[in-house]
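Enquirer: Here it is, the structure in full.
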Amino acid sequence: MQEVKLGIVGLGNVGSSTLAILAENGEQIERKLGYKLKVVSVCSRSVHTKSIPAALGDVIKTADWRDVVTHPDVQIVAELVGGTTVAREIVDAAIANGKSVVTANKELMAASGPEIWDRAIQAGINVAMEASVCGGIPIHAVLREGISGDRIQALYGILNGTCNYILTEIEKRGAPMAAMIEEAQRLGYAEADPSADVDGYDARSKLVLLAALAFGEKITPSDIFMEGIRRITPLDFQYARQLKHTIRLLCGGRKTADGLILFVRPALIPTSTILAGVQGPYNAVWVKGMFGEDTFYYGWGAGHPTGVAVVSDLMRVAREIRGGSPERVSPFAHERLGENKPVSVRLQRRAYYLRFRVNDRAGIIARLAGILASKSIGLEAVLQEPCDTKHDLPFVITTEQTTEQSIAEALEEMAQLDFMTEAPLALPMETAL
Ligand code: HSE
């Protein structure tokens with residue numbers, strides 16, 4: 001039976017893993033499909049320094065992606081370049097040339113996914129994007145197929161492996177944030193500029209996609225409240241432990257009476273929850289359905305497993321090409337239905353962990369309690385580890401359930417107080433996971 005022919009654009013980590021898997025697992029892939037996936041052409045700016053696995057046979061090497069997307073034999077283009085500029089041109093040109101597209105590009109799909117899918121459907125070709133979120137977890141397939149009959153109430157995830165590595169190492173070793181960011185860079189988890197990971201942008205793009213698939217809404221990055229992990233200290237883990245909680249960069253979407261609340265932020269989560277057990281650079285997604293209740297998915301977020309996601313997408317699209325069944329419905333097709341309209345995180349009700357650093361003197365707690373009382377925020381506990389730096393004394397107040405709006409107003413007033421050595425840190429306590 002004839003082969004399905006592929007063009008691979010981008011030979012970084014994901015592209016190289018994809019080629020390695022296609023080469024090393026080629027026989028099994030052929031048995032599963034009933035025909036071969038043949039790599040016709042590969043493209044990279046530095047293609048002549050790249051070695052292509054011999055098992056792939058003759059492969060055209062080019063430094064110009066246009067050669068791949070216009071090659072008459074190529075049926076599926078894998079866009080593994082990343083970013084939103086050249087990648088967008090590659091995807092657009094592939095669709096214009098009638099090629100199906102497999103992409104690992106969360107940023108592009110979060111920014112332009114709905115338009116790309118609409119154009120692909122008009123062109124009668126397929127798009128697959130499993131590798132764009134949580135590389136090692138087939139979460140798109142779960143949301144689009146596995147549990148698509150359910151009505152999703154909430155989705156929580158640990159979607160950034162770099163942040164999870166950093167936070168769990170701080171937790172284990174009591175090491176400071178800056179040192180753990182450097183270590184993550186040395187290990188190749190974080191980029192030279194770690195901002196995309198530690199400030200939440202990477203996780204936010206992923207949540208855009210997962211929330212769109214889970215809730216059937218058009219979601220844009222600006223719908224999602226985002227806060228990074230840079231302010232978390234070893235001391236916060238000590239206090240969290242006393243409260244039987246830990247801290248994770250939590251990505252979430254949940255339905256409330258007001259609408260859909262979406263966030264990427266460090267949060268306290270009970271140590272008894274399954275998400276708290278997610279250690280190191282792993283990802284996890286927890287979905288709560290109205291009918292199917294809780295399901296949980298766990299795996300690597302990046303690296304070699306992302307190559308598995310790309311190859312599996314190539315296989316899926318190859319089957320669809322062979323079966324003559326291009327996608328007819330975009331996963332982004334739903335206009336805002338109202339029911340799941342994103343609303344401000346300020347509407348959420350949660351208990352909060354407030355961590356202060358102050359230049360110690362008498363009356364500080366009374367002053368802070370007064371501000372909380374003026375916003376009708378009930379105080380739950382005050383925690384203070386022994387400390388001999390009275391000029392920079394950390395302590396924690398936890399509150400009863402209140403709105404994020406009230407907490408934000410209280411924090412604004414507190415930040416003005418002359419004994420504060422830094423702005424107070426507020427983390428929601430996600431006890432209702
Ligand atoms: N930098 C991402 C992470 C992996 O740390 O999870 C690619 O999305």
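Residue numbers start at 1 in each chain; chains themselves are named A, B, ... in the order of the structure tokens; ligands are numbered from 1 in the order shown.
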Could you list, as a ChimeraX atom specification, all protein and nucleic acid residues with an atom at most 6 Å from ligand 1, counting only C-alpha atoms and all ligand atoms?

Expert: /A:160-162,189,197,301-302

Enquirer: For the residues in that selection, give me N, CA and C atoms as a JSON list (two decimals), in the first residue's frame.

Expert:
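What follows is the written file result.json:
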```
[["chain", "number", "residue", "atom", "x", "y", "z"],
["A", 160, "ASN", "N", 3.31, 23.75, 33.46],
["A", 160, "ASN", "CA", 4.68, 24.17, 33.15],
["A", 160, "ASN", "C", 5.66, 23.36, 33.98],
["A", 161, "GLY", "N", 6.39, 22.48, 33.31],
["A", 161, "GLY", "CA", 7.31, 21.57, 34.00],
["A", 161, "GLY", "C", 8.47, 22.31, 34.64],
["A", 162, "THR", "N", 8.91, 23.39, 34.00],
["A", 162, "THR", "CA", 10.04, 24.15, 34.55],
["A", 162, "THR", "C", 9.66, 24.72, 35.92],
["A", 189, "TYR", "N", 15.91, 23.05, 31.27],
["A", 189, "TYR", "CA", 14.45, 23.19, 31.42],
["A", 189, "TYR", "C", 14.02, 24.63, 31.11],
["A", 197, "ASP", "N", 8.60, 30.86, 31.12],
["A", 197, "ASP", "CA", 8.18, 29.85, 32.08],
["A", 197, "ASP", "C", 7.81, 30.47, 33.43],
["A", 301, "GLY", "N", 5.99, 16.92, 30.31],
["A", 301, "GLY", "CA", 5.44, 18.06, 29.59],
["A", 301, "GLY", "C", 6.26, 18.44, 28.39],
["A", 302, "ALA", "N", 7.47, 17.92, 28.27],
["A", 302, "ALA", "CA", 8.36, 18.37, 27.19],
["A", 302, "ALA", "C", 9.32, 17.24, 26.86]]
```

Enquirer: Select from region 86-168 of chain A everything DSSP, run on the backbone, classes as helix (DSSP H, G or I), then give the selection as a ChimeraX atom specification.

Expert: /A:86-96,106-123,130-132,139-146,161-168

Enquirer: Nearest residue to Ser205 (chain A) out of A:Leu108, A:Ile232, A:Val285, A:Gly124, using only C-alpha atoms?

Expert: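 Among the listed residues, the smallest separation from Ser205 (chain A) belongs to A:Leu108.
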
Enquirer: Would you list, as number ranges by chain, the residues of region 112-359 of chain A that end up in strand (DSSP E or B) under DSSP run on this structure's backbone?

Expert: A: 127-128, 152-158, 225-226, 245-255, 260-270, 282-289, 293-300, 342-343, 349-358

Enquirer: Could you give me, as a tab-separated table, every region 88-132 of chain A residue with an atom at most 12 Å from region 213-231 of chain A, plus its closest atom pair and distance in Å to one decimal, counting only C-alpha atoms, rows ordered by chain then number?

Expert:
```
residue	atom	partner	partner_atom	distance
A:Lys106	CA	A:Pro221	CA	11.6
A:Glu107	CA	A:Pro221	CA	9.9
A:Leu108	CA	A:Pro221	CA	11.6
A:Met109	CA	A:Thr220	CA	10.5
A:Ala110	CA	A:Thr220	CA	7.0
A:Ala111	CA	A:Thr220	CA	7.2
A:Ser112	CA	A:Thr220	CA	9.5
A:Gly113	CA	A:Lys218	CA	9.8
A:Pro114	CA	A:Lys218	CA	8.1
A:Glu115	CA	A:Lys218	CA	11.3
A:Met129	CA	A:Leu213	CA	11.7
A:Glu130	CA	A:Leu213	CA	11.6
```

Enquirer: The selected residues should be written to file as a CSV table (one decimal), in the first residue's frame (atoms: N, CA, C and O atoms).

Expert:
```
chain,number,residue,atom,x,y,z
A,106,LYS,N,2.1,25.9,20.8
A,106,LYS,CA,1.0,26.4,21.7
A,106,LYS,C,0.8,27.9,21.5
A,106,LYS,O,-0.3,28.4,21.6
A,107,GLU,N,1.9,28.6,21.4
A,107,GLU,CA,1.8,30.0,21.3
A,107,GLU,C,1.0,30.5,20.1
A,107,GLU,O,0.1,31.3,20.1
A,108,LEU,N,1.3,29.8,18.9
A,108,LEU,CA,0.6,30.1,17.7
A,108,LEU,C,-0.9,29.7,17.8
A,108,LEU,O,-1.8,30.5,17.4
A,109,MET,N,-1.1,28.5,18.3
A,109,MET,CA,-2.5,28.1,18.4
A,109,MET,C,-3.3,28.9,19.4
A,109,MET,O,-4.5,29.1,19.2
A,110,ALA,N,-2.7,29.3,20.5
A,110,ALA,CA,-3.4,30.1,21.5
A,110,ALA,C,-3.7,31.5,20.9
A,110,ALA,O,-4.8,32.0,21.1
A,111,ALA,N,-2.8,32.0,20.0
A,111,ALA,CA,-3.1,33.3,19.5
A,111,ALA,C,-4.0,33.3,18.2
A,111,ALA,O,-4.9,34.1,18.1
A,112,SER,N,-3.8,32.3,17.4
A,112,SER,CA,-4.5,32.3,16.1
A,112,SER,C,-5.2,30.9,15.8
A,112,SER,O,-5.6,30.7,14.6
A,113,GLY,N,-5.3,30.1,16.7
A,113,GLY,CA,-5.9,28.7,16.5
A,113,GLY,C,-7.3,28.8,15.8
A,113,GLY,O,-7.5,28.1,14.8
A,114,PRO,N,-8.2,29.6,16.2
A,114,PRO,CA,-9.5,29.6,15.6
A,114,PRO,C,-9.5,29.9,14.1
A,114,PRO,O,-10.1,29.2,13.3
A,115,GLU,N,-8.7,31.0,13.7
A,115,GLU,CA,-8.5,31.3,12.3
A,115,GLU,C,-7.9,30.2,11.5
A,115,GLU,O,-8.3,29.8,10.4
A,129,MET,N,-2.9,19.2,16.9
A,129,MET,CA,-2.0,20.0,17.8
A,129,MET,C,-1.8,19.4,19.1
A,129,MET,O,-1.6,20.1,20.1
A,130,GLU,N,-1.8,18.1,19.2
A,130,GLU,CA,-1.7,17.4,20.5
A,130,GLU,C,-0.4,17.8,21.2
A,130,GLU,O,-0.3,18.0,22.4
```

Enquirer: Residues within 6 Å of region 74-90 of chain A, please, as a list in words. Count only C-alpha atoms; anything in the same chain fewer than 2 positions from it doesn't count.

Expert: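 My list of contacting residues is Lys5, Leu6, Gly7, Ile8, Val9, Gly10, Gly15, His71, Pro72, Asp92, Ala93, Lys99, Ser100, Val101, Val102, Thr103, Ala104, Asn105 and Leu108 of chain A.
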
Enquirer: Would you save the residues from that selection as a PDB file, in the first residue's frame, using N, CA, C and O atoms?

Expert:
```pdb
ATOM      1  N   LYS A   5       3.114  10.743   2.908  1.00  0.00           N
ATOM      2  CA  LYS A   5       4.410  11.426   2.831  1.00  0.00           C
ATOM      3  C   LYS A   5       4.422  12.701   3.679  1.00  0.00           C
ATOM      4  O   LYS A   5       3.463  13.470   3.681  1.00  0.00           O
ATOM      5  N   LEU A   6       5.556  12.876   4.355  1.00  0.00           N
ATOM      6  CA  LEU A   6       5.661  13.929   5.370  1.00  0.00           C
ATOM      7  C   LEU A   6       6.763  14.921   5.054  1.00  0.00           C
ATOM      8  O   LEU A   6       7.791  14.561   4.465  1.00  0.00           O
ATOM      9  N   GLY A   7       6.542  16.163   5.503  1.00  0.00           N
ATOM     10  CA  GLY A   7       7.605  17.165   5.519  1.00  0.00           C
ATOM     11  C   GLY A   7       7.739  17.685   6.936  1.00  0.00           C
ATOM     12  O   GLY A   7       6.723  17.963   7.595  1.00  0.00           O
ATOM     13  N   ILE A   8       8.967  17.760   7.424  1.00  0.00           N
ATOM     14  CA  ILE A   8       9.183  18.178   8.823  1.00  0.00           C
ATOM     15  C   ILE A   8       9.935  19.509   8.792  1.00  0.00           C
ATOM     16  O   ILE A   8      11.051  19.574   8.262  1.00  0.00           O
ATOM     17  N   VAL A   9       9.341  20.549   9.376  1.00  0.00           N
ATOM     18  CA  VAL A   9      10.001  21.850   9.410  1.00  0.00           C
ATOM     19  C   VAL A   9      10.370  22.180  10.858  1.00  0.00           C
ATOM     20  O   VAL A   9       9.494  22.280  11.725  1.00  0.00           O
ATOM     21  N   GLY A  10      11.673  22.317  11.117  1.00  0.00           N
ATOM     22  CA  GLY A  10      12.154  22.576  12.476  1.00  0.00           C
ATOM     23  C   GLY A  10      12.803  21.320  13.029  1.00  0.00           C
ATOM     24  O   GLY A  10      12.126  20.295  13.206  1.00  0.00           O
ATOM     25  N   GLY A  15      11.686  18.353  16.834  1.00  0.00           N
ATOM     26  CA  GLY A  15      11.876  17.835  15.474  1.00  0.00           C
ATOM     27  C   GLY A  15      12.812  16.627  15.468  1.00  0.00           C
ATOM     28  O   GLY A  15      12.552  15.618  14.799  1.00  0.00           O
ATOM     29  N   HIS A  71       6.359  21.154  -1.807  1.00  0.00           N
ATOM     30  CA  HIS A  71       6.778  19.896  -2.446  1.00  0.00           C
ATOM     31  C   HIS A  71       5.535  19.092  -2.848  1.00  0.00           C
ATOM     32  O   HIS A  71       4.683  18.803  -2.004  1.00  0.00           O
ATOM     33  N   PRO A  72       5.412  18.713  -4.117  1.00  0.00           N
ATOM     34  CA  PRO A  72       4.168  18.071  -4.559  1.00  0.00           C
ATOM     35  C   PRO A  72       3.860  16.753  -3.849  1.00  0.00           C
ATOM     36  O   PRO A  72       2.692  16.381  -3.731  1.00  0.00           O
ATOM     37  N   ASP A  92       0.225  28.749   7.269  1.00  0.00           N
ATOM     38  CA  ASP A  92      -0.651  29.335   6.237  1.00  0.00           C
ATOM     39  C   ASP A  92      -0.298  28.791   4.857  1.00  0.00           C
ATOM     40  O   ASP A  92      -1.181  28.440   4.068  1.00  0.00           O
ATOM     41  N   ALA A  93       1.007  28.736   4.577  1.00  0.00           N
ATOM     42  CA  ALA A  93       1.431  28.280   3.243  1.00  0.00           C
ATOM     43  C   ALA A  93       1.107  26.802   3.063  1.00  0.00           C
ATOM     44  O   ALA A  93       0.687  26.376   1.975  1.00  0.00           O
ATOM     45  N   LYS A  99      -1.858  21.037   2.126  1.00  0.00           N
ATOM     46  CA  LYS A  99      -1.207  20.053   3.010  1.00  0.00           C
ATOM     47  C   LYS A  99      -1.890  20.096   4.382  1.00  0.00           C
ATOM     48  O   LYS A  99      -2.199  21.189   4.885  1.00  0.00           O
ATOM     49  N   SER A 100      -2.033  18.954   5.008  1.00  0.00           N
ATOM     50  CA  SER A 100      -2.482  18.939   6.401  1.00  0.00           C
ATOM     51  C   SER A 100      -1.329  19.373   7.299  1.00  0.00           C
ATOM     52  O   SER A 100      -0.166  19.302   6.897  1.00  0.00           O
ATOM     53  N   VAL A 101      -1.678  19.823   8.502  1.00  0.00           N
ATOM     54  CA  VAL A 101      -0.663  20.396   9.395  1.00  0.00           C
ATOM     55  C   VAL A 101      -0.700  19.695  10.743  1.00  0.00           C
ATOM     56  O   VAL A 101      -1.773  19.494  11.323  1.00  0.00           O
ATOM     57  N   VAL A 102       0.486  19.355  11.233  1.00  0.00           N
ATOM     58  CA  VAL A 102       0.643  18.906  12.616  1.00  0.00           C
ATOM     59  C   VAL A 102       1.552  19.940  13.275  1.00  0.00           C
ATOM     60  O   VAL A 102       2.591  20.291  12.714  1.00  0.00           O
ATOM     61  N   THR A 103       1.130  20.456  14.425  1.00  0.00           N
ATOM     62  CA  THR A 103       1.945  21.486  15.058  1.00  0.00           C
ATOM     63  C   THR A 103       2.121  21.231  16.546  1.00  0.00           C
ATOM     64  O   THR A 103       1.231  20.679  17.193  1.00  0.00           O
ATOM     65  N   ALA A 104       3.287  21.660  17.043  1.00  0.00           N
ATOM     66  CA  ALA A 104       3.560  21.576  18.483  1.00  0.00           C
ATOM     67  C   ALA A 104       3.529  22.972  19.096  1.00  0.00           C
ATOM     68  O   ALA A 104       4.026  23.174  20.195  1.00  0.00           O
ATOM     69  N   ASN A 105       2.911  23.909  18.373  1.00  0.00           N
ATOM     70  CA  ASN A 105       3.094  25.320  18.693  1.00  0.00           C
ATOM     71  C   ASN A 105       1.936  25.900  19.513  1.00  0.00           C
ATOM     72  O   ASN A 105       0.943  26.379  18.966  1.00  0.00           O
ATOM     73  N   LEU A 108       1.308  29.838  18.944  1.00  0.00           N
ATOM     74  CA  LEU A 108       0.607  30.150  17.692  1.00  0.00           C
ATOM     75  C   LEU A 108      -0.861  29.737  17.783  1.00  0.00           C
ATOM     76  O   LEU A 108      -1.760  30.499  17.402  1.00  0.00           O
TER      77      LEU A 108
END
```

Enquirer: Show which residues sit within 7 Å of Thr403 (chain A), as a PDB file with all heavy atoms, in the first residue's frame. Count only C-alpha atoms, and ignore same-chain residues fewer than 4 positions away.

Expert:
```
ATOM      1  N   ARG A 346     -11.418  38.487  40.096  1.00  0.00           N
ATOM      2  CA  ARG A 346     -11.799  39.274  41.286  1.00  0.00           C
ATOM      3  C   ARG A 346     -13.121  38.800  41.905  1.00  0.00           C
ATOM      4  O   ARG A 346     -13.438  39.108  43.033  1.00  0.00           O
ATOM      5  CB  ARG A 346     -11.933  40.748  40.909  1.00  0.00           C
ATOM      6  CG  ARG A 346     -10.615  41.393  40.508  1.00  0.00           C
ATOM      7  CD  ARG A 346     -10.028  42.105  41.678  1.00  0.00           C
ATOM      8  NE  ARG A 346      -8.689  42.582  41.416  1.00  0.00           N
ATOM      9  CZ  ARG A 346      -8.291  43.832  41.633  1.00  0.00           C
ATOM     10  NH1 ARG A 346      -9.123  44.720  42.108  1.00  0.00           N
ATOM     11  NH2 ARG A 346      -7.051  44.175  41.424  1.00  0.00           N
ATOM     12  N   LEU A 347     -13.907  38.047  41.105  1.00  0.00           N
ATOM     13  CA  LEU A 347     -15.198  37.574  41.616  1.00  0.00           C
ATOM     14  C   LEU A 347     -15.059  36.295  42.442  1.00  0.00           C
ATOM     15  O   LEU A 347     -16.011  35.870  43.085  1.00  0.00           O
ATOM     16  CB  LEU A 347     -16.153  37.305  40.441  1.00  0.00           C
ATOM     17  CG  LEU A 347     -16.540  38.531  39.607  1.00  0.00           C
ATOM     18  CD1 LEU A 347     -17.334  38.109  38.389  1.00  0.00           C
ATOM     19  CD2 LEU A 347     -17.343  39.506  40.458  1.00  0.00           C
ATOM     20  N   GLN A 348     -13.889  35.676  42.398  1.00  0.00           N
ATOM     21  CA  GLN A 348     -13.803  34.359  43.045  1.00  0.00           C
ATOM     22  C   GLN A 348     -13.797  34.474  44.561  1.00  0.00           C
ATOM     23  O   GLN A 348     -13.314  35.443  45.133  1.00  0.00           O
ATOM     24  CB  GLN A 348     -12.584  33.586  42.555  1.00  0.00           C
ATOM     25  CG  GLN A 348     -11.297  33.903  43.229  1.00  0.00           C
ATOM     26  CD  GLN A 348     -10.213  32.882  42.861  1.00  0.00           C
ATOM     27  OE1 GLN A 348     -10.415  31.959  42.094  1.00  0.00           O
ATOM     28  NE2 GLN A 348      -9.045  33.066  43.423  1.00  0.00           N
ATOM     29  N   ARG A 349     -14.346  33.462  45.203  1.00  0.00           N
ATOM     30  CA  ARG A 349     -14.340  33.395  46.671  1.00  0.00           C
ATOM     31  C   ARG A 349     -13.407  32.273  47.094  1.00  0.00           C
ATOM     32  O   ARG A 349     -13.558  31.136  46.689  1.00  0.00           O
ATOM     33  CB  ARG A 349     -15.751  33.103  47.198  1.00  0.00           C
ATOM     34  CG  ARG A 349     -16.673  34.296  47.152  1.00  0.00           C
ATOM     35  CD  ARG A 349     -17.972  33.987  47.891  1.00  0.00           C
ATOM     36  NE  ARG A 349     -17.777  33.836  49.332  1.00  0.00           N
ATOM     37  CZ  ARG A 349     -17.634  34.853  50.174  1.00  0.00           C
ATOM     38  NH1 ARG A 349     -17.677  36.084  49.750  1.00  0.00           N
ATOM     39  NH2 ARG A 349     -17.449  34.631  51.467  1.00  0.00           N
ATOM     40  N   ARG A 350     -12.443  32.611  47.878  1.00  0.00           N
ATOM     41  CA  ARG A 350     -11.472  31.648  48.370  1.00  0.00           C
ATOM     42  C   ARG A 350     -10.969  32.109  49.740  1.00  0.00           C
ATOM     43  O   ARG A 350     -11.094  33.288  50.081  1.00  0.00           O
ATOM     44  CB  ARG A 350     -10.244  31.590  47.429  1.00  0.00           C
ATOM     45  CG  ARG A 350     -10.477  30.785  46.149  1.00  0.00           C
ATOM     46  CD  ARG A 350     -10.527  29.303  46.487  1.00  0.00           C
ATOM     47  NE  ARG A 350     -10.815  28.445  45.374  1.00  0.00           N
ATOM     48  CZ  ARG A 350     -12.023  28.098  44.942  1.00  0.00           C
ATOM     49  NH1 ARG A 350     -13.107  28.587  45.502  1.00  0.00           N
ATOM     50  NH2 ARG A 350     -12.189  27.238  43.972  1.00  0.00           N
ATOM     51  N   ILE A 407      -9.647  41.106  48.882  1.00  0.00           N
ATOM     52  CA  ILE A 407      -8.227  40.893  49.196  1.00  0.00           C
ATOM     53  C   ILE A 407      -7.378  41.926  48.459  1.00  0.00           C
ATOM     54  O   ILE A 407      -6.458  42.525  49.028  1.00  0.00           O
ATOM     55  CB  ILE A 407      -7.799  39.455  48.805  1.00  0.00           C
ATOM     56  CG1 ILE A 407      -8.381  38.439  49.786  1.00  0.00           C
ATOM     57  CG2 ILE A 407      -6.283  39.307  48.723  1.00  0.00           C
ATOM     58  CD1 ILE A 407      -7.793  38.471  51.200  1.00  0.00           C
TER      59      ILE A 407
END
```

Enquirer: What lies within 7 Å of region 325-331 of chain A using only C-alpha atoms, ignoring chain neighbours under 6 positions off, as a list in words?

Expert: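 Once the adjacent positions are removed, what remains is Trp117, Asp118, Ile121, Gly124, Ile125, Asn126 and Leu213 of chain A.
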
Enquirer: Would you mind listing what lies within 9 Å of Met429 (chain A) as number ranges by chain, with only C-alpha atoms counted and same-chain residues fewer than 2 positions away left out?

Expert: A: 245, 267-270, 350-353, 398, 427, 431-432

Enquirer: If you count only C-alpha atoms, which residues fall within 8 Å of Ser44 (chain A), apart from same-chain ones fewer than 6 positions away, as a compact mmCIF listing (two decimals) with all heavy atoms, in the first residue's frame?

Expert:
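The resulting around36.txt:
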```txt
# COMPACT_ATOMS: atom_id res chain seq x y z
N VAL A 9 9.34 20.55 9.38
CA VAL A 9 10.00 21.85 9.41
C VAL A 9 10.37 22.18 10.86
O VAL A 9 9.49 22.28 11.73
CB VAL A 9 9.10 22.96 8.83
CG1 VAL A 9 9.87 24.27 8.77
CG2 VAL A 9 8.59 22.57 7.46
N GLY A 10 11.67 22.32 11.12
CA GLY A 10 12.15 22.58 12.48
C GLY A 10 12.80 21.32 13.03
O GLY A 10 12.13 20.30 13.21
N LEU A 11 14.10 21.40 13.26
CA LEU A 11 14.82 20.22 13.78
C LEU A 11 15.48 20.52 15.12
O LEU A 11 16.63 20.17 15.37
CB LEU A 11 15.86 19.73 12.76
CG LEU A 11 15.30 19.16 11.46
CD1 LEU A 11 16.43 18.67 10.55
CD2 LEU A 11 14.33 18.00 11.72
N THR A 62 16.68 20.76 3.36
CA THR A 62 16.64 22.12 2.85
C THR A 62 16.66 23.11 4.01
O THR A 62 16.23 22.77 5.12
CB THR A 62 15.37 22.36 1.99
OG1 THR A 62 15.33 23.75 1.62
CG2 THR A 62 14.09 22.01 2.72
N ALA A 63 17.16 24.31 3.73
CA ALA A 63 17.12 25.37 4.74
C ALA A 63 15.96 26.32 4.47
O ALA A 63 15.77 27.29 5.20
CB ALA A 63 18.45 26.14 4.73
N ASP A 64 15.17 26.06 3.43
CA ASP A 64 14.06 26.95 3.08
C ASP A 64 12.74 26.19 3.25
O ASP A 64 12.44 25.25 2.49
CB ASP A 64 14.22 27.42 1.62
CG ASP A 64 13.15 28.45 1.24
OD1 ASP A 64 12.21 28.66 2.05
OD2 ASP A 64 13.26 29.02 0.14
N TRP A 65 11.94 26.61 4.24
CA TRP A 65 10.69 25.89 4.53
C TRP A 65 9.73 25.87 3.33
O TRP A 65 8.89 24.99 3.21
CB TRP A 65 10.00 26.46 5.76
CG TRP A 65 9.68 27.94 5.72
CD1 TRP A 65 10.43 28.95 6.23
CD2 TRP A 65 8.52 28.56 5.12
NE1 TRP A 65 9.83 30.16 6.00
CE2 TRP A 65 8.65 29.95 5.32
CE3 TRP A 65 7.41 28.08 4.44
CZ2 TRP A 65 7.70 30.87 4.87
CZ3 TRP A 65 6.45 29.00 4.00
CH2 TRP A 65 6.61 30.37 4.20
```

Enquirer: Rounded to one decimal, what separation in Å do you get between CA of Asp67 (chain A) and CA of Ala55 (chain A)?

Expert: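 Between CA of Asp67 (chain A) and CA of Ala55 (chain A) the gap works out to 22.4 Å.
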
Enquirer: One decimal, in Å: what's the spacing between CA of Glu30 (chain A) and CA of Val47 (chain A)?

Expert: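 Distance reported for this atom pair: 26.5 Å.
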